[in-house]
Structures are given as C-alpha cells and as structure tokens.
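Take a look at the structure set out below.
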Amino acid sequence: MKKLFFLTLACGGAMLLNGAELKLQSAADGMLIDRNGDGVVESVLTHTQEKPVLELLTGKLGNGIHRSVLEYKLPEKSAVAKATLTVTLNGRTGCHPDTPGIAGPETVLWVYWGTEADGKIGLADDGAGEKAGVILPNRAADLSRPVVVDVTEQLKKAVAAGAGWIGFRLEAADEKNAAAAWRIRSSEFARRYAASSLPVLTIVTEQGGRG
Ligand SMILES: [Ca+2]
Ligand SMILES: [Ca+2]
C-alpha cells in the first residue's frame with residue numbers, strides 16, 4: 001500500500017513538471033495528387049461517404065504522385081514545451097505495392113501555419129511551409145509501432161506567430177523516381193476500425209503558463 005502511494009505521488013510529480021499533454025485529432029486530412037506526374041498537383045482527395053478515404057498515400061502509384069496533408073486546430077494560449085506528430089502505417093509493409101521487402105520512398109515532412117492552414121485541405125496547401133525533416137526513410141518499416149516525429153520547433157514558431165491552425169504535408173523526397181507509396185491510416189480509418197491509429201498531434205504545454 002505504501003509503495004502504491006509513492007508511485008502515485010511520483011506520477012503526479014512528473015505530470016506537474018511536464019505540464020498538460022493534449023492529444024489533438026486532425027480537423028481535416030486528405031491527399032494532393034498529381035495524376036499525370038508532370039509535377040503539377042491538380043486534385044484534392046478527402047473523405048466523403050461516396051468515396052471513402054481510408055489511407056493517406058505519399059509517393060508514386062502508377063503515374064500518380066501523391067502527397068498527404070493533415071491540418072489541426074491549435075488550442076488558444078498554448079505554451080508549447082514539446083510537440084510530436086504520430087501516424088500509423090497500414091497493410092503488411094505500410095506501402096503500395098504491399099509486397100514483403102518493398103519500402104516506401106524517403107518522405108519529408110513539411111509544416112505550415114500561414115493562411116493555407118485553415119482546417120480544410122486545398123490546392124493552396126501544396127508548396128506551403130517549411131521542412132521539418134525526414135518522417136519516413138526509404139527502408140522497410142516496423143509496423144509494430146507508430147511513426148512519431150518531433151515538431152516542437154515548428155509548433156513553437158506557429159504559436160509565436162499567433163497561428164490558429166497548423167498543417168503537415170508529407171512528400172516523397174524524389175517523387176518522380178519513387179517506386180512505391182506509403183500508406184498512412186486516415187482519421188476515417190481510425191473512426192471505423194481502430195481509434196488507436198488516429199493521426200494525432202500531441203502537445204505538451206509548459207507548466208505555469210501565463211493563462
Ligand atoms: Ca499534374
Ligand atoms: Ca488548408
């Protein structure tokens with residue numbers, strides 16, 4: 001009993017030190033597609049009842065180049081201590097074609113918080129923002145765990161700029177020569193089949209913020 005009490009205190013202490021942890025789900029997610037591979041994105045694909053979007057693809061599929069986009073509403077007055085984006089790959093290998101030994105392309109995460117970040121996926125979201133780094137390397141993925149990328153620096157900048165929304169775009173580093181496409185579970189996939197695979201933006205706020 002004594003031991004249990006101590007553990008509870010220790011956990012409480014850690015929470016106080018780290019501030020609150022907010023787990024946000026995307027307001028919108030979808031794909032920007034260059035269907036003929038000429039380098040110009042001309043279509044936007046988001047989930048509808050008629051045409052479900054259960055996966056967000058990034059890379060090349062046939063001639064089509066796909067980029068994935070997710071946008072989140074930022075909480076007001078959040079002082080960010082740490083932020084991460086978590087996504088879950090789908091299928092056996094996490095990519096199309098879903099054949100053992102196949103790896104998706106090296107994929108870069110772009111982050112934007114200007115006027116394009118508005119809670120809707122649109123053509124203007126293409127080309128927006130700054131590079132946060134490589135979210136997926138060109139090697140076979142470990143599907144037993146989600147993909148987590150640190151976006152603390154970008155979140156701090158967005159909050160400092162007074163942004164109300166933030167957007168994330170995944171693009172293959174060399175789209176024209178990509179041999180496959182990564183498959184990330186969309187919010188709709190999570191709603192239908194597995195809430196644990198929601199694409200989540202986690203923000204740990206600073207303790208003792210200015211409220
Ligand atoms: Ca095109
Ligand atoms: Ca947008």
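Every chain in the structure tokens has a letter given in the order shown (A, B, ...), and although residue numbers restart at 1 in each chain, ligands are simply numbered from 1 in the order shown.
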
7 Å shell around ligand 2 using only C-alpha atoms and all ligand atoms, listed as a compact mmCIF listing (two decimals) with C-alpha atoms, in the first residue's frame:
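And here is the file that came out, pocket.txt:
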# COMPACT_ATOMS: atom_id res chain seq x y z
CA GLU A 71 -4.47 20.05 -40.51
CA GLU A 116 -3.24 27.91 -46.05
CA ALA A 117 -3.71 26.34 -42.63
CA ASP A 118 -7.49 26.75 -42.35
CA GLY A 119 -8.90 23.36 -41.37
CA LYS A 120 -9.56 22.38 -45.00
CA ILE A 121 -7.43 20.50 -47.49
CA GLY A 122 -6.98 22.52 -50.69
CA ALA A 124 -3.10 26.03 -51.80
CA ASP A 125 -1.72 23.65 -49.18

Find the nearest atom pair between each residue of stretch 105-211 of chain A and stretch 17-35 of chain A for residues within 8 Å, count only C-alpha atoms, give distances in Å to one decimal, sort rows by chain and ascending number, and present the table as CSV.
residue,atom,partner,partner_atom,distance
A:Gly119,CA,A:Ala27,CA,5.6
A:Lys120,CA,A:Ala28,CA,5.7
A:Ile121,CA,A:Gly30,CA,6.5
A:Gly122,CA,A:Leu32,CA,7.8
A:Leu123,CA,A:Leu32,CA,7.0
A:Asp126,CA,A:Leu32,CA,7.2
A:Ser186,CA,A:Asp29,CA,7.0
A:Ser187,CA,A:Asp29,CA,7.1
A:Leu198,CA,A:Gln25,CA,6.9
A:Pro199,CA,A:Gln25,CA,6.5
A:Val200,CA,A:Gln25,CA,5.1
A:Leu201,CA,A:Leu24,CA,5.1
A:Thr202,CA,A:Lys23,CA,4.5
A:Ile203,CA,A:Leu22,CA,5.1
A:Val204,CA,A:Glu21,CA,4.3
A:Thr205,CA,A:Gly19,CA,5.2
A:Glu206,CA,A:Gly19,CA,5.2
A:Gln207,CA,A:Gly19,CA,4.3
A:Gly208,CA,A:Gly19,CA,7.8

If you count only C-alpha atoms, which residues fall within 9 Å of A:Leu57, apart from same-chain ones fewer than 5 positions away, as a PyMOL selection string? chain A and resi 30-31+65-68+95-96+170+181-185

Write the residues of the preceding selection, restricted to C-alpha atoms, as a compact mmCIF listing (two decimals), in the first residue's frame.
# COMPACT_ATOMS: atom_id res chain seq x y z
CA GLY A 30 -6.52 14.11 -47.36
CA MET A 31 -4.28 13.94 -50.39
CA ILE A 65 2.23 11.34 -57.39
CA HIS A 66 0.54 11.58 -54.01
CA ARG A 67 1.17 13.94 -51.10
CA SER A 68 -0.63 13.61 -47.78
CA CYS A 95 3.15 0.68 -48.59
CA HIS A 96 1.78 0.00 -52.08
CA LEU A 170 4.20 14.53 -46.42
CA ALA A 181 3.77 4.88 -51.91
CA TRP A 182 3.47 4.87 -48.12
CA ARG A 183 0.01 4.15 -46.69
CA ILE A 184 -0.96 6.03 -43.56
CA ARG A 185 -4.25 5.30 -41.82

Protein and nucleic acid residues within 6 Å of ligand 1 (only C-alpha atoms and all ligand atoms) as a PyMOL selection string: chain A and resi 34-42

Have a look at atom CA of A:Glu76 and atom CA of A:Val159 and let me know their distance in Å, one decimal.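 Distance reported for this atom pair: 8.9 Å.
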
I need the residues of stretch 51-203 of chain A that end up classed as strand (DSSP E or B) by DSSP on the backbone, written out as a PDB file with C-alpha atoms, in the first residue's frame.
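That gives us selection_12.pdb:
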ATOM      1  CA  GLU A  55      -5.481   5.772 -46.357  1.00  0.00           C
ATOM      2  CA  LEU A  56      -3.302   8.797 -46.992  1.00  0.00           C
ATOM      3  CA  LEU A  57      -0.752   7.919 -49.664  1.00  0.00           C
ATOM      4  CA  THR A  58       2.654   9.518 -50.132  1.00  0.00           C
ATOM      5  CA  GLY A  59       4.869   8.695 -53.108  1.00  0.00           C
ATOM      6  CA  LYS A  60       4.161   7.277 -56.535  1.00  0.00           C
ATOM      7  CA  LEU A  61       1.373   4.902 -57.518  1.00  0.00           C
ATOM      8  CA  GLY A  64       0.230   9.460 -59.978  1.00  0.00           C
ATOM      9  CA  ILE A  65       2.233  11.345 -57.391  1.00  0.00           C
ATOM     10  CA  HIS A  66       0.540  11.579 -54.005  1.00  0.00           C
ATOM     11  CA  ARG A  67       1.174  13.936 -51.105  1.00  0.00           C
ATOM     12  CA  SER A  68      -0.627  13.606 -47.777  1.00  0.00           C
ATOM     13  CA  VAL A  69      -1.934  16.551 -45.787  1.00  0.00           C
ATOM     14  CA  LEU A  70      -3.275  16.876 -42.238  1.00  0.00           C
ATOM     15  CA  GLU A  71      -4.471  20.054 -40.514  1.00  0.00           C
ATOM     16  CA  TYR A  72      -5.063  20.642 -36.805  1.00  0.00           C
ATOM     17  CA  LYS A  73      -6.704  23.417 -34.814  1.00  0.00           C
ATOM     18  CA  VAL A  80       4.488  24.532 -26.174  1.00  0.00           C
ATOM     19  CA  ALA A  81       7.143  22.549 -24.315  1.00  0.00           C
ATOM     20  CA  LYS A  82       7.129  19.623 -26.744  1.00  0.00           C
ATOM     21  CA  ALA A  83       5.089  18.541 -29.768  1.00  0.00           C
ATOM     22  CA  THR A  84       5.004  15.361 -31.823  1.00  0.00           C
ATOM     23  CA  LEU A  85       3.005  14.109 -34.796  1.00  0.00           C
ATOM     24  CA  THR A  86       2.038  10.424 -34.649  1.00  0.00           C
ATOM     25  CA  VAL A  87       0.779   8.449 -37.652  1.00  0.00           C
ATOM     26  CA  LEU A  89       1.084   2.810 -41.378  1.00  0.00           C
ATOM     27  CA  CYS A  95       3.148   0.684 -48.591  1.00  0.00           C
ATOM     28  CA  HIS A  96       1.780   0.003 -52.077  1.00  0.00           C
ATOM     29  CA  THR A 107       9.492  11.150 -47.168  1.00  0.00           C
ATOM     30  CA  VAL A 108       9.878  14.710 -45.979  1.00  0.00           C
ATOM     31  CA  LEU A 109       7.511  16.362 -43.513  1.00  0.00           C
ATOM     32  CA  TRP A 110       6.562  19.979 -44.305  1.00  0.00           C
ATOM     33  CA  VAL A 111       4.829  22.150 -41.704  1.00  0.00           C
ATOM     34  CA  TYR A 112       2.771  25.298 -42.424  1.00  0.00           C
ATOM     35  CA  GLU A 130       8.959  24.704 -44.096  1.00  0.00           C
ATOM     36  CA  LYS A 131      10.748  21.383 -43.934  1.00  0.00           C
ATOM     37  CA  ALA A 132      10.699  19.709 -40.534  1.00  0.00           C
ATOM     38  CA  GLY A 133      12.808  16.721 -41.590  1.00  0.00           C
ATOM     39  CA  VAL A 134      12.501  13.146 -42.799  1.00  0.00           C
ATOM     40  CA  ILE A 135       9.427  11.400 -41.361  1.00  0.00           C
ATOM     41  CA  LEU A 136       9.983   8.077 -43.158  1.00  0.00           C
ATOM     42  CA  VAL A 147       5.658   6.713 -36.688  1.00  0.00           C
ATOM     43  CA  VAL A 148       6.407   9.604 -34.328  1.00  0.00           C
ATOM     44  CA  VAL A 149       8.146  12.781 -35.430  1.00  0.00           C
ATOM     45  CA  ASP A 150       9.190  15.728 -33.276  1.00  0.00           C
ATOM     46  CA  TRP A 165      -4.173  26.226 -37.265  1.00  0.00           C
ATOM     47  CA  ILE A 166      -1.228  24.105 -38.294  1.00  0.00           C
ATOM     48  CA  GLY A 167      -0.805  21.863 -41.327  1.00  0.00           C
ATOM     49  CA  PHE A 168       1.505  18.924 -42.086  1.00  0.00           C
ATOM     50  CA  ARG A 169       2.332  17.724 -45.585  1.00  0.00           C
ATOM     51  CA  LEU A 170       4.203  14.528 -46.419  1.00  0.00           C
ATOM     52  CA  GLU A 171       6.083  14.453 -49.711  1.00  0.00           C
ATOM     53  CA  ALA A 172       8.475  11.924 -51.193  1.00  0.00           C
ATOM     54  CA  ALA A 181       3.775   4.878 -51.910  1.00  0.00           C
ATOM     55  CA  TRP A 182       3.469   4.873 -48.118  1.00  0.00           C
ATOM     56  CA  ARG A 183       0.011   4.145 -46.693  1.00  0.00           C
ATOM     57  CA  ILE A 184      -0.964   6.028 -43.563  1.00  0.00           C
ATOM     58  CA  ARG A 185      -4.249   5.299 -41.821  1.00  0.00           C
ATOM     59  CA  VAL A 200      -2.545  12.664 -33.559  1.00  0.00           C
ATOM     60  CA  LEU A 201      -0.755  15.914 -32.788  1.00  0.00           C
ATOM     61  CA  THR A 202       0.452  15.702 -29.186  1.00  0.00           C
ATOM     62  CA  ILE A 203       1.307  18.952 -27.451  1.00  0.00           C
TER      63      ILE A 203
END

Going by DSSP on the backbone, which bits of chain A are alpha helix (DSSP H)? Write them as a PyMOL selection string, please. chain A and resi 2-18+152-160+187-192

Nearest candidate to A:Glu106 (options A:Arg139, A:Lys77, A:Arg92, A:Lys157; using only C-alpha atoms):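 Answer, going by the shortest atom-to-atom distance: A:Arg139.
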
Report the distance between atom CA of A:Ala179 and atom CA of A:Ala128 in Å, rounded to one decimal place. 24.9 Å

Could you state the separation of atom CA of A:Pro105 and atom CA of A:Pro137 in Å, given to one decimal place?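 Between atom CA of A:Pro105 and atom CA of A:Pro137 the gap works out to 6.8 Å.
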
Which residue, A:Leu54, A:Ala141, A:Ala103, A:Val44, has the smallest gap to A:Glu188 when you use only C-alpha atoms? A:Leu54
